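Chemist: If you scroll down you'll find the structure; I have some questions about it.
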Amino acid sequence: MGRLTTHVLDTAHGTPGKHIALTLYRIDEIDGQRSELLRAITNDDGRCSQPLLEGDALQAGRYELVFAAGDYFRAQGMSLPEPPFIDEVVLRFGIADPTQHYHVPLLVSPWSYSTYRGS
């Protein structure tokens with residue numbers, strides 16, 4: 001059974017990105033419009049307690065994850081410029097085979113971020 005998961009790592013502090021708000025969207029193939037699928041907050045390990053999507057809810061197509069990184073770093077007491085260099089991190093990615101596990105980690109600091117397809 002396929003599923004979509006995520007994990008946030010705070011590379012500025014070397015810790016899990018806990019209590020980061022995120023929103024998942026599906027991107028319409030015809031008009032490119034976003035449809036909100038869910039909102040979640042990462043747990044103390046920087047993960048969501050349940051898969052974001054799984055089974056029949058995970059379909060082939062384009063998706064977007066938006067992480068509220070700026071809000072997270074402000075909550076950590078970091079002094080950020082206004083506007084912050086990294087605020088909302090938007091990751092747009094594709095699901096080609098919905099029977100597989102798609103893990104989308106985010107490594108983030110107030111100055112940079114990266115992602116990859118994890119396992």
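Chains: A, B, ... in order of the structure tokens. Residues: from 1 per chain. Ligands: from 1, in order shown.
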Go through range 26-74 of chain A residue by residue and, counting only C-alpha atoms, keep those with an atom at most 8 Å from range 97-110 of chain A; for each kept residue give the shortest atom pair and its distance in Å to one decimal, ordered by chain and increasing number, as a Markdown table.
Modeler:
```
| residue | atom | partner | partner_atom | distance |
| --- | --- | --- | --- | --- |
| A:Gly55 | CA | A:Thr99 | CA | 7.7 |
| A:Leu58 | CA | A:Pro98 | CA | 5.7 |
| A:Gln59 | CA | A:Pro98 | CA | 5.4 |
| A:Ala60 | CA | A:Pro98 | CA | 5.6 |
| A:Ala69 | CA | A:Val108 | CA | 7.6 |
| A:Gly70 | CA | A:Pro110 | CA | 7.2 |
| A:Phe73 | CA | A:Pro110 | CA | 7.0 |
```
Chemist: Next, the residues of the selection above should be written as a short mmCIF file (atom, residue, chain, number, x, y, z; two decimals), in the first residue's frame with N, CA and C atoms.
Modeler:
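Saved as again37.cif:
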```cif
data_model
loop_
_atom_site.label_atom_id
_atom_site.label_comp_id
_atom_site.auth_asym_id
_atom_site.auth_seq_id
_atom_site.Cartn_x
_atom_site.Cartn_y
_atom_site.Cartn_z
N GLY A 55 -3.02 4.55 0.80
CA GLY A 55 -4.04 3.75 0.13
C GLY A 55 -4.64 4.49 -1.04
N LEU A 58 -3.89 8.24 -1.95
CA LEU A 58 -2.66 8.59 -2.66
C LEU A 58 -2.84 8.26 -4.13
N GLN A 59 -2.86 9.29 -4.95
CA GLN A 59 -3.08 9.12 -6.39
C GLN A 59 -1.90 9.69 -7.16
N ALA A 60 -1.71 9.18 -8.37
CA ALA A 60 -0.67 9.74 -9.23
C ALA A 60 -1.00 11.20 -9.51
N ALA A 69 8.10 27.43 8.02
CA ALA A 69 9.43 27.44 8.64
C ALA A 69 9.72 28.73 9.38
N GLY A 70 9.34 29.86 8.82
CA GLY A 70 9.60 31.14 9.48
C GLY A 70 8.91 31.21 10.84
N PHE A 73 10.93 29.06 13.32
CA PHE A 73 12.17 29.65 13.83
C PHE A 73 11.90 30.83 14.77
#
```
Chemist: Could you go through chain A and tell me which residues DSSP, when run on the backbone, assigns to alpha helix (DSSP H), listing them as number ranges by chain?
Modeler: A: 69-75
Chemist: Write out as a PyMOL selection string the residues lying within 8 Å of Phe85 in chain A, counting only C-alpha atoms and excluding same-chain residues fewer than 2 positions away.
Modeler: chain A and resi 81+83+87+110-111
Chemist: From a DSSP calculation on the backbone, collect every residue of range 55-88 of chain A in strand (DSSP E) and output the set as a list in words.
Modeler: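 So the strand (DSSP E) residues in range 55-88 of chain A would be Gly61, Arg62, Tyr63, Glu64, Leu65, Val66, Phe67, Ala68 and Glu88 of chain A.
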Chemist: Deliver the residues from the most recent selection as a file, using N, CA, C and O atoms, as a short mmCIF file (atom, residue, chain, number, x, y, z; two decimals), in the first residue's frame.
Modeler:
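Written output follows (again_22.cif):
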```cif
data_model
loop_
_atom_site.label_atom_id
_atom_site.label_comp_id
_atom_site.auth_asym_id
_atom_site.auth_seq_id
_atom_site.Cartn_x
_atom_site.Cartn_y
_atom_site.Cartn_z
N GLY A 61 0.04 12.02 -9.59
CA GLY A 61 -0.17 13.44 -9.89
C GLY A 61 0.85 14.32 -9.21
O GLY A 61 1.83 13.85 -8.65
N ARG A 62 0.57 15.62 -9.25
CA ARG A 62 1.46 16.61 -8.67
C ARG A 62 0.87 17.09 -7.33
O ARG A 62 -0.32 17.29 -7.19
N TYR A 63 1.79 17.30 -6.39
CA TYR A 63 1.42 17.73 -5.04
C TYR A 63 2.33 18.86 -4.60
O TYR A 63 3.39 19.09 -5.20
N GLU A 64 1.91 19.54 -3.54
CA GLU A 64 2.70 20.61 -2.97
C GLU A 64 2.59 20.54 -1.45
O GLU A 64 1.50 20.44 -0.91
N LEU A 65 3.73 20.56 -0.79
CA LEU A 65 3.80 20.67 0.66
C LEU A 65 4.32 22.06 1.00
O LEU A 65 5.32 22.49 0.44
N VAL A 66 3.63 22.75 1.91
CA VAL A 66 4.05 24.08 2.34
C VAL A 66 4.31 24.02 3.85
O VAL A 66 3.41 23.69 4.62
N PHE A 67 5.54 24.31 4.24
CA PHE A 67 5.97 24.26 5.63
C PHE A 67 6.12 25.68 6.16
O PHE A 67 6.77 26.52 5.52
N ALA A 68 5.60 25.96 7.35
CA ALA A 68 5.69 27.28 7.98
C ALA A 68 7.01 27.40 8.75
O ALA A 68 7.03 27.47 9.98
N GLU A 88 7.96 30.57 4.22
CA GLU A 88 7.24 29.35 3.86
C GLU A 88 8.09 28.58 2.86
O GLU A 88 8.52 29.13 1.85
#
```
Chemist: Would you mind listing what lies within 12 Å of Asp45 in chain A as a list in words, with only C-alpha atoms counted and same-chain residues fewer than 5 positions away left out?
Modeler: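 Residues meeting the cut-off are Thr6, His7, Val8, Leu9, Asp10, Thr15, Pro16, Gly17, Lys18, His19 and Ile20 of chain A.
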Chemist: For Cys48 in chain A, which residue out of A:Thr23, A:Ser112, A:Gln76, A:Ser119 is the nearest one, using only C-alpha atoms?
Modeler: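 Smallest separation from Cys48 in chain A among the options: A:Thr23.
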Chemist: Just checking: using only C-alpha atoms, which residue out of A:Leu91, A:Ile41, A:Gln50, A:Tyr113 ends up closest to Ala12 in chain A?
Modeler: A:Tyr113
Chemist: For a test of reading the model, state the distance in Å between CA of His13 in chain A and CA of Ser79 in chain A, rounded to one decimal.
Modeler: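 Pair CA of His13 in chain A / CA of Ser79 in chain A returns 13.9 Å.
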